[in-house]
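Everything below belongs to data12.pdb, which stores PDB, C-alpha atoms.
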ATOM      1  CA  MET A 256      -6.241  23.274  -6.842
ATOM      2  CA  TYR A 257      -5.550  21.997 -10.314
ATOM      3  CA  ASP A 258      -8.358  21.570 -12.840
ATOM      4  CA  GLY A 259      -8.605  19.229 -15.773
ATOM      5  CA  LYS A 260     -11.548  18.802 -18.110
ATOM      6  CA  LEU A 261     -13.529  16.536 -15.769
ATOM      7  CA  VAL A 262     -11.812  16.621 -12.390
ATOM      8  CA  ARG A 263     -10.000  18.835  -9.919
ATOM      9  CA  LEU A 264      -6.988  17.795  -7.855
ATOM     10  CA  ARG A 265      -7.109  19.407  -4.434
ATOM     11  CA  ALA A 266      -5.862  18.921  -0.895
ATOM     12  CA  TYR A 267      -7.531  16.192   1.138
ATOM     13  CA  ASP A 268     -10.107  17.334   3.660
ATOM     14  CA  ARG A 269     -11.282  15.548   6.799
ATOM     15  CA  LYS A 270     -14.707  15.126   5.158
ATOM     16  CA  ASP A 271     -13.094  12.833   2.527
ATOM     17  CA  ILE A 272     -12.034  10.213   5.084
ATOM     18  CA  ASP A 273     -15.245   8.167   5.126
ATOM     19  CA  LYS A 274     -15.460   7.847   1.346
ATOM     20  CA  ALA A 275     -11.708   7.223   0.954
ATOM     21  CA  TRP A 276     -11.929   4.435   3.535
ATOM     22  CA  GLU A 277     -14.960   2.972   1.741
ATOM     23  CA  TYR A 278     -13.283   3.123  -1.695
ATOM     24  CA  VAL A 279      -9.942   1.577  -0.684
ATOM     25  CA  ASN A 280     -11.663  -1.243   1.193
ATOM     26  CA  ASP A 281     -13.824  -2.238  -1.759
ATOM     27  CA  PRO A 282     -12.413  -5.607  -2.934
ATOM     28  CA  GLU A 283     -12.697  -4.585  -6.600
ATOM     29  CA  VAL A 284     -10.591  -1.471  -5.923
ATOM     30  CA  LYS A 285      -8.165  -3.035  -3.447
ATOM     31  CA  ARG A 286      -7.120  -5.841  -5.833
ATOM     32  CA  PHE A 287      -5.466  -3.192  -8.026
ATOM     33  CA  LEU A 288      -3.881  -1.133  -5.226
ATOM     34  CA  VAL A 289      -1.620  -3.206  -3.020
ATOM     35  CA  PRO A 290       0.929  -5.851  -3.982
ATOM     36  CA  GLY A 291       0.720  -7.478  -0.556
ATOM     37  CA  ILE A 292      -2.209  -9.208   1.062
ATOM     38  CA  PRO A 293      -5.318  -7.095   0.318
ATOM     39  CA  PHE A 294      -6.344  -6.915   3.974
ATOM     40  CA  PRO A 295      -9.023  -4.321   4.833
ATOM     41  CA  LEU A 296      -7.941  -1.070   6.448
ATOM     42  CA  ARG A 297      -9.447   0.050   9.721
ATOM     43  CA  LYS A 298     -11.027   3.474   9.767
ATOM     44  CA  ASP A 299      -8.410   4.487  12.352
ATOM     45  CA  ASP A 300      -5.728   3.671   9.753
ATOM     46  CA  GLU A 301      -7.342   6.024   7.248
ATOM     47  CA  VAL A 302      -7.573   8.778   9.878
ATOM     48  CA  LYS A 303      -3.881   8.293  10.779
ATOM     49  CA  TRP A 304      -2.953   8.466   7.097
ATOM     50  CA  TYR A 305      -4.932  11.696   6.708
ATOM     51  CA  GLU A 306      -3.335  13.204   9.806
ATOM     52  CA  SER A 307       0.133  12.276   8.518
ATOM     53  CA  LEU A 308      -0.286  14.293   5.302
ATOM     54  CA  ASN A 309       2.272  17.066   5.192
ATOM     55  CA  PRO A 310       1.767  19.840   2.631
ATOM     56  CA  SER A 311       5.398  20.868   3.139
ATOM     57  CA  SER A 312       6.746  17.444   2.223
ATOM     58  CA  THR A 313       9.434  17.210  -0.434
ATOM     59  CA  ASN A 314       9.041  13.461  -1.044
ATOM     60  CA  SER A 315       5.338  12.743  -1.495
ATOM     61  CA  TYR A 316       2.190  14.630  -2.354
ATOM     62  CA  SER A 317      -1.397  13.384  -2.114
ATOM     63  CA  PHE A 318      -4.326  14.890  -3.954
ATOM     64  CA  ALA A 319      -8.030  14.247  -3.549
ATOM     65  CA  ILE A 320      -9.830  13.908  -6.877
ATOM     66  CA  GLU A 321     -13.174  15.649  -7.115
ATOM     67  CA  ARG A 322     -15.561  15.745 -10.012
ATOM     68  CA  LEU A 323     -15.857  19.234 -11.518
ATOM     69  CA  ALA A 324     -19.552  18.783 -12.273
ATOM     70  CA  ASP A 325     -20.607  18.561  -8.622
ATOM     71  CA  GLY A 326     -17.515  18.673  -6.394
ATOM     72  CA  GLU A 327     -17.954  15.051  -5.287
ATOM     73  CA  TYR A 328     -14.852  13.280  -3.935
ATOM     74  CA  ILE A 329     -14.244  10.297  -6.237
ATOM     75  CA  GLY A 330     -10.718   9.066  -5.414
ATOM     76  CA  GLY A 331      -7.135  10.057  -4.936
ATOM     77  CA  CYS A 332      -3.828  10.308  -6.708
ATOM     78  CA  GLY A 333      -0.401  11.391  -5.805
ATOM     79  CA  ILE A 334       3.312  11.363  -6.024
ATOM     80  CA  ASN A 335       4.521   8.473  -3.897
ATOM     81  CA  GLU A 336       8.238   9.125  -4.260
ATOM     82  CA  VAL A 337      10.366  11.932  -5.653
ATOM     83  CA  ASP A 338      13.986  11.424  -6.616
ATOM     84  CA  TRP A 339      15.197  15.023  -6.889
ATOM     85  CA  LYS A 340      18.769  14.111  -7.832
ATOM     86  CA  ASN A 341      17.714  11.988 -10.807
ATOM     87  CA  SER A 342      14.630  14.105 -11.559
ATOM     88  CA  HIS A 343      11.842  11.549 -11.541
ATOM     89  CA  ALA A 344       8.696  10.691  -9.625
ATOM     90  CA  LEU A 345       6.653   7.565  -8.944
ATOM     91  CA  VAL A 346       2.883   8.135  -9.016
ATOM     92  CA  GLY A 347      -0.319   6.277  -8.213
ATOM     93  CA  ILE A 348      -4.075   6.697  -8.482
ATOM     94  CA  PHE A 349      -7.334   5.098  -7.369
ATOM     95  CA  LEU A 350     -11.013   5.799  -7.946
ATOM     96  CA  GLY A 351     -14.164   4.499  -6.329
ATOM     97  CA  LYS A 352     -15.400   1.704  -8.613
ATOM     98  CA  GLN A 353     -18.592   3.587  -9.499
ATOM     99  CA  PHE A 354     -16.468   6.322 -11.096
ATOM    100  CA  CYS A 355     -14.417   4.064 -13.379
ATOM    101  CA  ASN A 356     -14.859   4.048 -17.164
ATOM    102  CA  ASN A 357     -15.908   7.708 -17.323
ATOM    103  CA  GLY A 358     -12.575   9.337 -18.172
ATOM    104  CA  TYR A 359     -11.993  10.664 -14.652
ATOM    105  CA  GLY A 360      -8.839   8.633 -14.031
ATOM    106  CA  THR A 361      -7.273   9.605 -17.345
ATOM    107  CA  ASP A 362      -8.087  13.265 -16.754
ATOM    108  CA  ALA A 363      -6.723  13.161 -13.187
ATOM    109  CA  MET A 364      -3.503  11.535 -14.355
ATOM    110  CA  MET A 365      -3.098  14.157 -17.092
ATOM    111  CA  VAL A 366      -3.440  16.913 -14.500
ATOM    112  CA  LEU A 367      -0.988  15.157 -12.159
ATOM    113  CA  VAL A 368       1.624  14.612 -14.893
ATOM    114  CA  ASN A 369       1.258  18.220 -16.003
ATOM    115  CA  PHE A 370       1.821  19.350 -12.397
ATOM    116  CA  ILE A 371       4.957  17.207 -12.113
ATOM    117  CA  PHE A 372       6.518  18.414 -15.349
ATOM    118  CA  ASN A 373       5.474  22.065 -15.244
ATOM    119  CA  GLU A 374       5.458  22.858 -11.515
ATOM    120  CA  MET A 375       8.085  20.478 -10.150
ATOM    121  CA  ASN A 376      10.258  20.535 -13.290
ATOM    122  CA  LEU A 377      11.005  16.800 -13.189
ATOM    123  CA  HIS A 378      12.276  14.808 -16.171
ATOM    124  CA  LYS A 379      10.372  11.517 -15.857
ATOM    125  CA  VAL A 380       7.184  10.124 -14.294
ATOM    126  CA  SER A 381       6.773   6.401 -13.635
ATOM    127  CA  LEU A 382       4.113   4.131 -12.210
ATOM    128  CA  LEU A 383       3.604   0.468 -11.452
ATOM    129  CA  THR A 384       0.520  -1.471 -12.506
ATOM    130  CA  TYR A 385      -0.481  -5.100 -12.730
ATOM    131  CA  GLY A 386      -0.669  -6.878 -16.068
ATOM    132  CA  PHE A 387      -4.282  -7.873 -15.359
ATOM    133  CA  ASN A 388      -5.355  -4.235 -14.871
ATOM    134  CA  LYS A 389      -6.208  -3.697 -18.544
ATOM    135  CA  ARG A 390      -8.476  -0.694 -17.895
ATOM    136  CA  ALA A 391      -5.681   1.190 -16.106
ATOM    137  CA  ILE A 392      -3.116   0.295 -18.762
ATOM    138  CA  ARG A 393      -5.377   1.758 -21.481
ATOM    139  CA  SER A 394      -5.875   4.900 -19.393
ATOM    140  CA  TYR A 395      -2.139   5.357 -18.803
ATOM    141  CA  GLU A 396      -1.444   4.888 -22.507
ATOM    142  CA  LYS A 397      -3.958   7.661 -23.307
ATOM    143  CA  VAL A 398      -1.914   9.961 -21.061
ATOM    144  CA  GLY A 399       1.261   8.971 -22.936
ATOM    145  CA  PHE A 400       2.828   6.381 -20.627
ATOM    146  CA  LYS A 401       4.686   3.508 -22.265
ATOM    147  CA  VAL A 402       5.718   0.160 -20.834
ATOM    148  CA  GLU A 403       9.339   0.473 -19.834
ATOM    149  CA  GLY A 404       9.765  -2.862 -18.137
ATOM    150  CA  VAL A 405       7.989  -6.006 -17.039
ATOM    151  CA  LEU A 406       8.552  -7.719 -13.716
ATOM    152  CA  LYS A 407       7.523 -11.243 -14.689
ATOM    153  CA  GLU A 408       5.155 -13.057 -12.338
ATOM    154  CA  ASN A 409       5.844 -10.508  -9.601
ATOM    155  CA  ILE A 410       2.348 -10.397  -8.048
ATOM    156  CA  TYR A 411       0.429 -13.322  -6.589
ATOM    157  CA  ARG A 412      -3.261 -12.547  -6.721
ATOM    158  CA  GLU A 413      -6.337 -14.756  -6.693
ATOM    159  CA  GLY A 414      -4.412 -18.026  -6.924
ATOM    160  CA  GLN A 415      -1.940 -17.185  -9.684
ATOM    161  CA  TYR A 416       1.129 -15.106 -10.514
ATOM    162  CA  HIS A 417       0.843 -11.967 -12.630
ATOM    163  CA  ASP A 418       3.283  -9.576 -14.272
ATOM    164  CA  GLU A 419       3.846  -6.109 -12.875
ATOM    165  CA  LEU A 420       4.442  -3.382 -15.463
ATOM    166  CA  ILE A 421       6.644  -0.334 -15.087
ATOM    167  CA  MET A 422       5.246   2.463 -17.228
ATOM    168  CA  SER A 423       6.871   5.852 -17.767
ATOM    169  CA  ILE A 424       6.600   9.126 -19.627
ATOM    170  CA  PHE A 425       9.326  11.723 -20.171
ATOM    171  CA  LYS A 426       8.906  15.488 -20.067
ATOM    172  CA  GLU A 427       9.900  15.859 -23.719
ATOM    173  CA  GLU A 428       7.207  13.358 -24.772
ATOM    174  CA  TRP A 429       4.674  15.197 -22.604
ATOM    175  CA  LYS A 430       5.494  18.553 -24.215
ATOM    176  CA  ASN A 431       4.865  17.051 -27.640
ATOM    177  CA  THR A 432       1.493  15.506 -26.746
ATOM    178  CA  SER A 433      -0.023  18.055 -24.344
ATOM    179  CA  ALA A 434       0.773  21.447 -25.870
ATOM    180  CA  ASP A 435      -2.851  22.031 -26.879
ATOM    181  CA  GLU A 436      -4.336  21.043 -23.499
ATOM    182  CA  PRO A 437      -3.359  23.513 -20.773
ATOM    183  CA  VAL A 438      -4.355  22.767 -17.202
ATOM    184  CA  ARG A 439      -6.008  25.571 -15.255
ATOM    185  CA  ILE A 440      -4.467  26.416 -11.889
TER     186      ILE A 440
END
For the file at hand, write its structure as structure tokens.
Amino acid sequence: MYDGKLVRLRAYDRKDIDKAWEYVNDPEVKRFLVPGIPFPLRKDDEVKWYESLNPSSTNSYSFAIERLADGEYIGGCGINEVDWKNSHALVGIFLGKQFCNNGYGTDAMMVLVNFIFNEMNLHKVSLLTYGFNKRAIRSYEKVGFKVEGVLKENIYREGQYHDELIMSIFKEEWKNTSADEPVRI
């Protein structure tokens, strides 16, 4: 388990399945998660995903996000891809909509980035987000991510095309911004 100021990243538990399924099927959450058609997931799909989690994986890692104040499961984050040769990772995050705008996502991403740089010893962390996801962009910038590239009109959502942003942070930048904020393990 990895603690931030507001949240803890921990292994998923079977008891998280119902809430995870509820959160990712919420239309307001789903519109920011998948580039394809935002079709609802079946509960069986969520169970299969949970059962496929492998703590010994070397390519992807999924963390449940729980609120420190009361231990409530509020979302998930993880490392979707690891490129060990080139020393970088691609990450993602989601929260139940009722937990947005409280600093939980920013805190969770800070803990995740710290884990990647200080436990996995990678050089770079990247993520993809949609140009219309202004709240997430602000959160990522607070962590230290910068826009590295723009895939113009790459996402078709709600009747129009939108840009997809590639945002990244390097270990050296992280060291310079996070030295006074250790993460408890």
* To do: May I ask for the distance between CA of Ala266 (chain A) and CA of Asp299 (chain A), given in Å to one decimal place?
  => 19.8 Å
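The smallest atom-to-atom distance between Gly399 (chain A) and any of A:Met365, A:Val279, A:Ile334, A:Leu350, using all atoms listed in the file, is found for A:Met365.
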Per-residue nearest contacts of region 355-437 of chain A to region 321-329 of chain A (10 Å; all atoms listed in the file) as a Markdown table:
| residue | atom | partner | partner_atom | distance |
| --- | --- | --- | --- | --- |
| A:Cys355 | CA | A:Ile329 | CA | 9.5 |
| A:Tyr359 | CA | A:Arg322 | CA | 7.8 |
| A:Gly360 | CA | A:Ile329 | CA | 9.6 |
| A:Ala363 | CA | A:Glu321 | CA | 9.2 |
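Using all atoms listed in the file, the smallest distance between any of A:Lys389, A:His417, A:Glu428, A:Met422 and Val346 (chain A) comes from A:Met422.
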* Which polymer residues have any atom within 12 Å of an atom of Gly291 (chain A), counting all atoms listed in the file, with same-chain residues fewer than 3 positions away left out, as an MDAnalysis selection string? -> chainID A and resid 285:288 294:295 409:413
Residue completion, region 380-393 of chain A, N, CA and C atoms, as a CSV table (one decimal), keeping the file's coordinate frame:
chain,number,residue,atom,x,y,z
A,380,VAL,N,8.2,10.6,-15.2
A,380,VAL,CA,7.2,10.1,-14.3
A,380,VAL,C,7.0,8.6,-14.6
A,381,SER,N,7.0,7.8,-13.5
A,381,SER,CA,6.8,6.4,-13.6
A,381,SER,C,5.6,5.9,-12.7
A,382,LEU,N,5.1,4.8,-13.0
A,382,LEU,CA,4.1,4.1,-12.2
A,382,LEU,C,4.3,2.6,-12.3
A,383,LEU,N,3.7,1.9,-11.4
A,383,LEU,CA,3.6,0.5,-11.5
A,383,LEU,C,2.1,0.1,-11.6
A,384,THR,N,1.9,-0.9,-12.4
A,384,THR,CA,0.5,-1.5,-12.5
A,384,THR,C,0.6,-3.0,-12.8
A,385,TYR,N,-0.5,-3.6,-12.5
A,385,TYR,CA,-0.5,-5.1,-12.7
A,385,TYR,C,-0.9,-5.4,-14.1
A,386,GLY,N,-0.3,-6.5,-14.7
A,386,GLY,CA,-0.7,-6.9,-16.1
A,386,GLY,C,-2.1,-7.2,-16.3
A,387,PHE,N,-2.9,-7.6,-15.2
A,387,PHE,CA,-4.3,-7.9,-15.4
A,387,PHE,C,-5.2,-6.6,-15.3
A,388,ASN,N,-4.6,-5.5,-15.0
A,388,ASN,CA,-5.4,-4.2,-14.9
A,388,ASN,C,-5.4,-3.5,-16.2
A,389,LYS,N,-6.1,-4.2,-17.2
A,389,LYS,CA,-6.2,-3.7,-18.5
A,389,LYS,C,-6.8,-2.3,-18.7
A,390,ARG,N,-7.8,-2.0,-17.8
A,390,ARG,CA,-8.5,-0.7,-17.9
A,390,ARG,C,-7.5,0.4,-17.6
A,391,ALA,N,-6.7,0.2,-16.5
A,391,ALA,CA,-5.7,1.2,-16.1
A,391,ALA,C,-4.6,1.3,-17.2
A,392,ILE,N,-4.2,0.2,-17.7
A,392,ILE,CA,-3.1,0.3,-18.8
A,392,ILE,C,-3.6,1.2,-19.9
A,393,ARG,N,-4.8,0.9,-20.4
A,393,ARG,CA,-5.4,1.8,-21.5
A,393,ARG,C,-5.4,3.2,-21.1
